[in-house]
file start-v4.cif (mmCIF, C-alpha atoms)
data_work
loop_
_atom_site.group_PDB
_atom_site.id
_atom_site.type_symbol
_atom_site.label_atom_id
_atom_site.label_comp_id
_atom_site.auth_asym_id
_atom_site.auth_seq_id
_atom_site.Cartn_x
_atom_site.Cartn_y
_atom_site.Cartn_z
ATOM 1 C CA LYS A 97 10.095 -0.780 2.585
ATOM 2 C CA ASN A 98 8.095 -3.035 4.865
ATOM 3 C CA ARG A 99 10.623 -4.149 7.454
ATOM 4 C CA ALA A 100 8.260 -6.803 8.850
ATOM 5 C CA ILE A 101 8.092 -8.520 5.463
ATOM 6 C CA THR A 102 11.866 -8.191 5.062
ATOM 7 C CA LEU A 103 12.407 -9.881 8.419
ATOM 8 C CA GLN A 104 10.036 -12.676 7.517
ATOM 9 C CA ARG A 105 11.823 -13.431 4.265
ATOM 10 C CA GLN A 106 14.975 -14.469 6.098
ATOM 11 C CA TYR A 107 13.022 -17.535 7.236
ATOM 12 C CA PHE A 108 11.775 -18.468 3.776
ATOM 13 C CA ASN A 109 15.168 -20.032 3.002
ATOM 14 C CA ALA A 110 15.182 -21.978 6.247
ATOM 15 C CA THR A 111 17.064 -25.266 6.376
ATOM 16 C CA ASP A 112 15.324 -28.488 7.409
ATOM 17 C CA LYS A 113 17.135 -28.206 10.746
ATOM 18 C CA MET A 114 15.719 -24.718 11.347
ATOM 19 C CA ILE A 115 12.211 -25.868 10.468
ATOM 20 C CA ARG A 116 12.534 -28.887 12.759
ATOM 21 C CA GLU A 117 13.692 -26.649 15.627
ATOM 22 C CA HIS A 118 10.768 -24.330 15.058
ATOM 23 C CA TYR A 119 8.374 -27.256 14.974
ATOM 24 C CA GLU A 120 9.727 -28.555 18.297
ATOM 25 C CA TRP A 121 9.097 -25.103 19.736
ATOM 26 C CA LEU A 122 5.505 -25.125 18.385
ATOM 27 C CA LYS A 123 4.626 -28.649 19.554
ATOM 28 C CA PRO A 124 3.755 -27.820 23.181
ATOM 29 C CA PHE A 125 1.302 -25.205 21.926
ATOM 30 C CA PHE A 126 -0.268 -27.569 19.387
ATOM 31 C CA GLU A 127 -0.646 -30.249 22.063
ATOM 32 C CA HIS A 128 -2.264 -27.992 24.634
ATOM 33 C CA PRO A 129 -5.961 -28.916 25.093
ATOM 34 C CA ASN A 130 -7.036 -25.287 24.607
ATOM 35 C CA TYR A 131 -5.229 -24.869 21.297
ATOM 36 C CA ILE A 132 -7.660 -24.410 18.378
ATOM 37 C CA LYS A 133 -7.880 -27.457 16.129
ATOM 38 C CA ILE A 134 -10.025 -28.301 13.107
ATOM 39 C CA GLN A 135 -10.616 -31.946 12.206
ATOM 40 C CA ASN A 136 -7.753 -32.916 14.528
ATOM 41 C CA GLN A 137 -5.383 -30.408 12.887
ATOM 42 C CA PRO A 138 -3.764 -27.541 14.860
ATOM 43 C CA VAL A 139 -4.516 -24.169 13.280
ATOM 44 C CA LEU A 140 -1.643 -21.959 12.143
ATOM 45 C CA MET A 141 -2.114 -18.598 10.433
ATOM 46 C CA LEU A 142 0.188 -16.720 8.070
ATOM 47 C CA TYR A 143 -0.925 -13.119 8.236
ATOM 48 C CA TYR A 144 0.403 -12.133 4.800
ATOM 49 C CA TYR A 145 0.890 -14.386 1.796
ATOM 50 C CA SER A 146 4.275 -14.888 0.188
ATOM 51 C CA GLU A 147 5.121 -17.758 -2.113
ATOM 52 C CA GLY A 148 8.407 -18.243 -0.283
ATOM 53 C CA ALA A 149 6.545 -19.439 2.807
ATOM 54 C CA ASN A 150 4.950 -22.410 1.027
ATOM 55 C CA PRO A 151 7.880 -24.877 1.329
ATOM 56 C CA VAL A 152 8.348 -24.061 5.014
ATOM 57 C CA LEU A 153 4.654 -24.545 5.776
ATOM 58 C CA ARG A 154 4.490 -27.789 3.813
ATOM 59 C CA GLU A 155 7.447 -29.134 5.795
ATOM 60 C CA LEU A 156 5.831 -28.098 9.082
ATOM 61 C CA ARG A 157 2.692 -29.946 8.043
ATOM 62 C CA ARG A 158 4.752 -33.026 7.131
ATOM 63 C CA LEU A 159 6.406 -33.022 10.559
ATOM 64 C CA VAL A 160 3.033 -32.745 12.296
ATOM 65 C CA ILE A 161 1.674 -35.735 10.366
ATOM 66 C CA GLN A 162 4.886 -37.714 10.893
ATOM 67 C CA ASP A 163 4.570 -37.384 14.661
ATOM 68 C CA GLY A 164 1.248 -39.189 14.445
ATOM 69 C CA ARG A 165 -0.725 -37.293 17.053
ATOM 70 C CA PHE A 166 -2.562 -35.047 14.589
ATOM 71 C CA ASP A 167 -3.968 -35.534 11.103
ATOM 72 C CA GLY A 168 -2.278 -32.474 9.654
ATOM 73 C CA LEU A 169 -1.771 -28.742 10.039
ATOM 74 C CA TYR A 170 -4.728 -26.459 9.253
ATOM 75 C CA LEU A 171 -3.230 -23.406 7.542
ATOM 76 C CA ILE A 172 -5.003 -20.066 7.238
ATOM 77 C CA VAL A 173 -3.582 -17.245 5.123
ATOM 78 C CA GLY A 174 -4.465 -13.593 5.619
ATOM 79 C CA ARG A 175 -5.261 -11.152 2.869
ATOM 80 C CA SER A 176 -5.165 -7.424 3.425
ATOM 81 C CA ALA A 177 -8.677 -6.350 2.466
ATOM 82 C CA TYR A 178 -12.074 -5.404 3.777
ATOM 83 C CA PRO A 179 -14.397 -8.426 4.098
ATOM 84 C CA ASP A 180 -16.232 -8.584 0.776
ATOM 85 C CA GLY A 181 -19.455 -9.929 2.238
ATOM 86 C CA LEU A 182 -19.680 -7.213 4.898
ATOM 87 C CA TYR A 183 -18.406 -4.071 3.213
ATOM 88 C CA ASP A 184 -19.811 -2.397 0.105
ATOM 89 C CA PRO A 185 -17.282 0.018 -1.482
ATOM 90 C CA SER A 186 -19.685 1.251 -4.173
ATOM 91 C CA HIS A 187 -19.832 4.737 -2.572
ATOM 92 C CA LEU A 188 -16.155 5.285 -3.422
ATOM 93 C CA GLU A 189 -15.381 7.288 -6.540
ATOM 94 C CA GLY A 190 -12.436 8.785 -8.392
ATOM 95 C CA LYS A 191 -9.074 8.880 -6.650
ATOM 96 C CA LYS A 192 -10.411 7.255 -3.472
ATOM 97 C CA LYS A 193 -11.658 4.274 -5.457
ATOM 98 C CA GLU A 194 -8.310 3.980 -7.285
ATOM 99 C CA ILE A 195 -6.359 3.980 -4.009
ATOM 100 C CA VAL A 196 -8.615 1.382 -2.384
ATOM 101 C CA ASP A 197 -8.545 -0.849 -5.478
ATOM 102 C CA ASP A 198 -4.751 -0.628 -5.515
ATOM 103 C CA GLN A 199 -4.287 -1.386 -1.803
ATOM 104 C CA MET A 200 -6.766 -4.232 -1.336
ATOM 105 C CA GLN A 201 -5.617 -7.812 -1.939
ATOM 106 C CA ARG A 202 -8.375 -9.514 -3.908
ATOM 107 C CA TYR A 203 -9.201 -13.156 -3.325
ATOM 108 C CA ASN A 204 -7.525 -14.177 -6.603
ATOM 109 C CA PHE A 205 -4.258 -12.824 -5.150
ATOM 110 C CA LEU A 206 -4.035 -16.033 -3.152
ATOM 111 C CA PRO A 207 -2.955 -19.407 -4.542
ATOM 112 C CA SER A 208 -5.530 -22.066 -5.236
ATOM 113 C CA PRO A 209 -5.605 -25.049 -2.850
ATOM 114 C CA LYS A 210 -3.723 -27.043 -5.492
ATOM 115 C CA GLN A 211 -0.973 -24.405 -5.734
ATOM 116 C CA GLY A 212 -0.572 -23.474 -2.079
ATOM 117 C CA PRO A 213 -0.737 -25.317 1.244
ATOM 118 C CA PHE A 214 -3.586 -23.274 2.718
ATOM 119 C CA ASN A 215 -6.933 -24.626 3.868
ATOM 120 C CA GLN A 216 -8.673 -21.258 3.869
ATOM 121 C CA SER A 217 -8.131 -17.495 4.030
ATOM 122 C CA MET A 218 -9.002 -14.660 6.365
ATOM 123 C CA THR A 219 -9.440 -10.970 5.618
ATOM 124 C CA TYR A 220 -7.121 -8.664 7.491
ATOM 125 C CA PRO A 221 -8.774 -5.214 7.390
ATOM 126 C CA TYR A 222 -6.375 -2.763 5.792
ATOM 127 C CA PRO A 223 -6.339 0.415 7.950
ATOM 128 C CA LEU A 224 -7.057 2.772 5.055
ATOM 129 C CA GLU A 225 -8.823 6.028 5.893
ATOM 130 C CA TYR A 226 -11.251 5.628 3.002
ATOM 131 C CA ILE A 227 -12.651 2.388 4.429
ATOM 132 C CA ASP A 228 -14.732 4.522 6.746
ATOM 133 C CA ARG A 229 -18.145 2.858 6.890
ATOM 134 C CA PRO A 230 -19.218 0.206 9.393
ATOM 135 C CA PHE A 231 -19.605 -3.440 8.385
ATOM 136 C CA ALA A 232 -23.159 -4.354 7.415
ATOM 137 C CA ILE A 233 -24.803 -7.785 7.358
ATOM 138 C CA PRO A 234 -26.138 -8.352 3.824
ATOM 139 C CA GLU A 235 -29.888 -7.922 3.443
ATOM 140 C CA TRP A 236 -30.300 -11.290 1.713
ATOM 141 C CA CYS A 237 -28.889 -12.987 4.815
ATOM 142 C CA LEU A 238 -31.145 -11.083 7.212
ATOM 143 C CA ASN A 239 -34.093 -11.952 4.949
ATOM 144 C CA GLY A 240 -33.415 -15.676 5.308
ATOM 145 C CA GLU A 241 -32.147 -16.489 1.819
ATOM 146 C CA ASP A 242 -29.917 -19.516 1.280
ATOM 147 C CA PRO A 243 -26.184 -18.604 1.536
ATOM 148 C CA SER A 244 -25.350 -21.441 -0.870
ATOM 149 C CA LEU A 245 -27.339 -19.617 -3.531
ATOM 150 C CA LYS A 246 -26.919 -15.950 -2.573
ATOM 151 C CA ASN A 247 -23.378 -15.561 -1.245
ATOM 152 C CA PRO A 248 -21.019 -14.932 -4.190
ATOM 153 C CA PHE A 249 -17.869 -15.026 -2.054
ATOM 154 C CA PRO A 250 -15.812 -18.032 -0.912
ATOM 155 C CA GLN A 251 -15.818 -18.911 2.762
ATOM 156 C CA GLU A 252 -13.098 -17.187 4.744
ATOM 157 C CA GLY A 253 -12.545 -15.822 8.212
ATOM 158 C CA THR A 254 -13.256 -12.204 9.107
ATOM 159 C CA GLY A 255 -10.743 -9.874 10.722
ATOM 160 C CA VAL A 256 -11.826 -6.925 12.869
ATOM 161 C CA ILE A 257 -9.562 -4.128 14.084
ATOM 162 C CA THR A 258 -10.043 -1.559 16.815
ATOM 163 C CA ALA A 259 -8.042 1.350 15.406
ATOM 164 C CA PHE A 260 -4.633 1.956 13.862
ATOM 165 C CA ASP A 261 -1.944 4.542 14.552
ATOM 166 C CA ASN A 262 1.687 3.742 13.788
ATOM 167 C CA THR A 263 3.062 7.236 14.404
ATOM 168 C CA PRO A 264 5.006 5.951 17.469
ATOM 169 C CA ARG A 265 7.357 4.041 15.168
ATOM 170 C CA ARG A 266 7.224 5.959 11.876
ATOM 171 C CA GLU A 267 7.778 9.465 10.596
ATOM 172 C CA PHE A 268 4.445 11.248 10.532
ATOM 173 C CA LYS A 269 4.438 11.715 6.749
ATOM 174 C CA THR A 270 4.749 7.931 6.228
ATOM 175 C CA SER A 271 2.432 6.909 9.053
ATOM 176 C CA ASN A 272 -1.162 5.771 8.892
ATOM 177 C CA ILE A 273 -3.958 6.767 11.253
ATOM 178 C CA TYR A 274 -7.274 4.925 11.116
ATOM 179 C CA ASN A 275 -10.069 5.694 13.588
ATOM 180 C CA ALA A 276 -7.534 6.503 16.313
ATOM 181 C CA ASP A 277 -8.668 10.138 16.343
ATOM 182 C CA LYS A 278 -12.293 9.205 17.098
ATOM 183 C CA ASP A 279 -13.944 9.831 20.439
ATOM 184 C CA PRO A 280 -13.476 6.663 22.548
ATOM 185 C CA GLU A 281 -17.219 6.083 22.871
ATOM 186 C CA GLU A 282 -17.697 6.431 19.116
ATOM 187 C CA LEU A 283 -14.847 4.016 18.457
ATOM 188 C CA LEU A 284 -16.234 1.446 20.901
ATOM 189 C CA LYS A 285 -19.638 1.678 19.230
ATOM 190 C CA LEU A 286 -18.089 1.137 15.788
ATOM 191 C CA PHE A 287 -16.111 -1.857 17.061
ATOM 192 C CA GLU A 288 -19.243 -3.362 18.615
ATOM 193 C CA ASN A 289 -21.129 -3.019 15.323
ATOM 194 C CA ASN A 290 -18.313 -4.495 13.238
ATOM 195 C CA LEU A 291 -17.753 -7.365 15.645
ATOM 196 C CA HIS A 292 -21.446 -8.238 15.752
ATOM 197 C CA SER A 293 -21.662 -8.111 11.953
ATOM 198 C CA ALA A 294 -18.603 -10.353 11.652
ATOM 199 C CA TYR A 295 -19.890 -12.919 14.176
ATOM 200 C CA TYR A 296 -23.362 -13.016 12.657
ATOM 201 C CA TYR A 297 -21.956 -13.301 9.135
ATOM 202 C CA GLN A 298 -19.777 -16.244 10.133
ATOM 203 C CA LYS A 299 -22.667 -17.972 11.865
ATOM 204 C CA CYS A 300 -25.450 -17.335 9.364
ATOM 205 C CA CYS A 301 -24.223 -16.021 5.993
ATOM 206 C CA GLN A 302 -21.285 -18.208 4.940
ATOM 207 C CA LYS A 303 -21.537 -20.964 2.378
ATOM 208 C CA PRO A 304 -21.144 -24.350 4.106
ATOM 209 C CA ARG A 305 -17.930 -26.154 3.263
ATOM 210 C CA GLN A 306 -18.522 -29.678 1.994
ATOM 211 C CA GLN A 307 -15.702 -31.197 4.037
ATOM 212 C CA ASN A 308 -17.183 -29.800 7.267
ATOM 213 C CA LYS A 309 -20.855 -30.550 6.679
ATOM 214 C CA ASN A 310 -21.097 -32.479 9.964
ATOM 215 C CA ASN A 311 -19.775 -29.508 11.953
ATOM 216 C CA PRO A 312 -20.267 -26.401 9.798
ATOM 217 C CA MET A 313 -19.076 -23.976 12.495
ATOM 218 C CA GLU A 314 -15.746 -25.670 13.105
ATOM 219 C CA ASP A 315 -13.765 -23.640 10.561
ATOM 220 C CA ARG A 316 -15.478 -20.258 10.880
ATOM 221 C CA PHE A 317 -13.338 -17.577 12.484
ATOM 222 C CA VAL A 318 -13.396 -13.983 13.623
ATOM 223 C CA ALA A 319 -9.968 -12.584 14.490
ATOM 224 C CA ILE A 320 -9.498 -9.345 16.455
ATOM 225 C CA ASN A 321 -6.335 -7.364 15.965
ATOM 226 C CA ALA A 322 -4.754 -6.995 18.425
ATOM 227 C CA TRP A 323 -4.254 -7.780 22.112
ATOM 228 C CA ASN A 324 -1.411 -5.331 22.827
ATOM 229 C CA GLU A 325 -0.083 -3.821 19.578
ATOM 230 C CA TRP A 326 0.500 -0.471 21.271
ATOM 231 C CA ALA A 327 3.055 0.671 18.697
ATOM 232 C CA GLU A 328 0.337 0.584 16.037
ATOM 233 C CA GLY A 329 -2.573 1.781 18.147
ATOM 234 C CA MET A 330 -4.343 -1.600 18.142
ATOM 235 C CA ALA A 331 -4.955 -2.979 21.609
ATOM 236 C CA ILE A 332 -7.823 -4.531 23.544
ATOM 237 C CA GLU A 333 -5.693 -5.039 26.640
ATOM 238 C CA PRO A 334 -7.137 -3.079 29.604
ATOM 239 C CA SER A 335 -5.927 0.518 29.613
ATOM 240 C CA ASN A 336 -6.445 3.802 31.440
ATOM 241 C CA VAL A 337 -8.514 5.141 28.490
ATOM 242 C CA TYR A 338 -10.817 2.202 27.763
ATOM 243 C CA GLY A 339 -10.579 0.165 30.943
ATOM 244 C CA ARG A 340 -11.939 -3.313 30.108
ATOM 245 C CA ARG A 341 -14.514 -2.035 27.640
ATOM 246 C CA TRP A 342 -13.053 -3.861 24.612
ATOM 247 C CA LEU A 343 -13.172 -7.180 26.445
ATOM 248 C CA GLU A 344 -16.654 -6.520 27.792
ATOM 249 C CA ILE A 345 -17.910 -5.776 24.271
ATOM 250 C CA ILE A 346 -16.378 -8.997 22.944
ATOM 251 C CA GLN A 347 -18.072 -11.004 25.684
ATOM 252 C CA SER A 348 -21.473 -9.350 25.244
ATOM 253 C CA VAL A 349 -21.442 -9.583 21.430
ATOM 254 C CA LYS A 350 -20.556 -13.289 21.526
ATOM 255 C CA GLU A 351 -23.395 -13.949 23.957
ATOM 256 C CA ARG A 352 -25.781 -11.934 21.791
ATOM 257 C CA VAL A 353 -24.920 -13.810 18.603
ATOM 258 C CA ARG A 354 -25.132 -17.179 20.370
ATOM 259 C CA ALA A 355 -28.700 -16.304 21.355
ATOM 260 C CA GLU A 356 -29.683 -15.069 17.888
ATOM 261 C CA SER A 357 -31.242 -17.417 15.375
ATOM 262 C CA CYS A 358 -30.192 -17.369 11.737
ATOM 263 C CA ALA A 359 -33.043 -16.349 9.450
ATOM 264 C CA PHE A 360 -32.244 -19.194 7.039
ATOM 265 C CA HIS A 361 -31.405 -21.770 9.729
ATOM 266 C CA PRO A 362 -33.487 -20.853 12.804
ATOM 267 C CA GLN A 363 -32.688 -24.227 14.369
ATOM 268 C CA GLU A 364 -28.938 -23.652 14.224
ATOM 269 C CA GLN A 365 -27.677 -22.473 17.612
ATOM 270 C CA GLN A 366 -24.027 -23.491 17.404
ATOM 271 C CA SER A 367 -21.450 -20.991 18.531
ATOM 272 C CA ILE A 368 -18.425 -19.749 16.650
#
call {"tool": "encode", "arguments": {"input": "start-v4.cif", "output": "structure tokens"}}
result
Amino acid sequence: KNRAITLQRQYFNATDKMIREHYEWLKPFFEHPNYIKIQNQPVLMLYYYSEGANPVLRELRRLVIQDGRFDGLYLIVGRSAYPDGLYDPSHLEGKKKEIVDDQMQRYNFLPSPKQGPFNQSMTYPYPLEYIDRPFAIPEWCLNGEDPSLKNPFPQEGTGVITAFDNTPRREFKTSNIYNADKDPEELLKLFENNLHSAYYYQKCCQKPRQQNKNNPMEDRFVAINAWNEWAEGMAIEPSNVYGRRWLEIIQSVKERVRAESCAFHPQEQQSI
């Protein structure tokens, strides 16, 4: 049983007082000038969807609006899946394909905007050993074709992970190891490729959202998991194995993508 989900559910029946207290705790973060905001709305992400969270999130949004400083709360919901636009699973067959199809949360798993409070979604790469190929920018995007016509997937953020190994906190037979057994140099190279693909895809391959046509990059995200999740083998914090290499790759890839022109929009040089 997923203990993290079990712990979260205790908050789904939160009283108005509990939600208010949590909002007061969040406010200083929302008000900080460096906090990410979209259309004057602080961004808040729920990493895994559960219907029970909807009333709590709607009340948090109401409190934000009631305070008058912001226009709302921009809610992003994660889905546990490879990013559809960057990963082609067609090489999978038989039992591997069945397992991947069973584990991945498809986009239709999430509520529609009318049913749920979320503004958009973000893929959270499931650390499944069969998802073993690097992300690849679609050819149509590199060839300069219009994303509005060629991209069949809705706009959502892209999650990138370094590796995964939760043996420190699970019995080995129930644990999951993903890329953690790779040579460090090989793993860094894979991360660099996936991060570049994710950044470029967000900048050049996404369908523009009508509500953000004046600033199309404002709601495009790449999330890296995680800063210091040592118990699950996901960390970009400096270490004695990798030094600052993760952080150096992030910096260099961002600079590289900023300098690259989109094939379809060569004039567009905004950053993400």
call {"tool": "resolve_selection", "arguments": {"input": "start-v4.cif", "expression": "the PyMOL selection byres ((chain A and resi 332) around 6)", "output": "list in words"}}
result
Trp323, Ala331, Glu333 and Trp342 of chain A
call {"tool": "closest_residue", "arguments": {"input": "start-v4.cif", "among": "A:Asn324, A:Asn109, A:Gln298, A:Ser293", "to": "A:Val349", "atoms": "all atoms listed in the file"}}
result
A:Ser293
call {"tool": "closest_residue", "arguments": {"input": "start-v4.cif", "among": "A:Ile320, A:Met141, A:Leu182, A:Ile134", "to": "A:Cys237", "atoms": "all atoms listed in the file"}}
result
A:Leu182
call {"tool": "resolve_selection", "arguments": {"input": "start-v4.cif", "expression": "the PyMOL selection byres ((chain A and resi 252) around 7)", "output": "PyMOL selection string"}}
result
chain A and resi 216-218+250-251+253-254
call {"tool": "residues_near_point", "arguments": {"input": "start-v4.cif", "point": "(4.1, -36.2, 15.4)", "cutoff": "12 Å", "atoms": "all atoms listed in the file", "output": "PyMOL selection string"}}
result
chain A and resi 116+119-120+122-124+126-127+137-138+156-169
call {"tool": "resolve_selection", "arguments": {"input": "start-v4.cif", "expression": "the PyMOL selection byres ((chain A and resi 179) around 8)", "output": "list in words"}}
result
Ala177, Tyr178, Asp180, Gly181, Leu182, Tyr183, Thr219, Pro221, Thr254 and Gly255 of chain A
call {"tool": "atom_distance", "arguments": {"input": "start-v4.cif", "atom1": "atom CA of A:Phe249", "atom2": "atom CA of A:Lys133"}}
result
24.2 Å
call {"tool": "closest_residue", "arguments": {"input": "start-v4.cif", "among": "A:Ile345, A:Met200, A:Leu224, A:Ala359", "to": "A:Tyr296", "atoms": "only C-alpha atoms"}}
result
A:Ala359
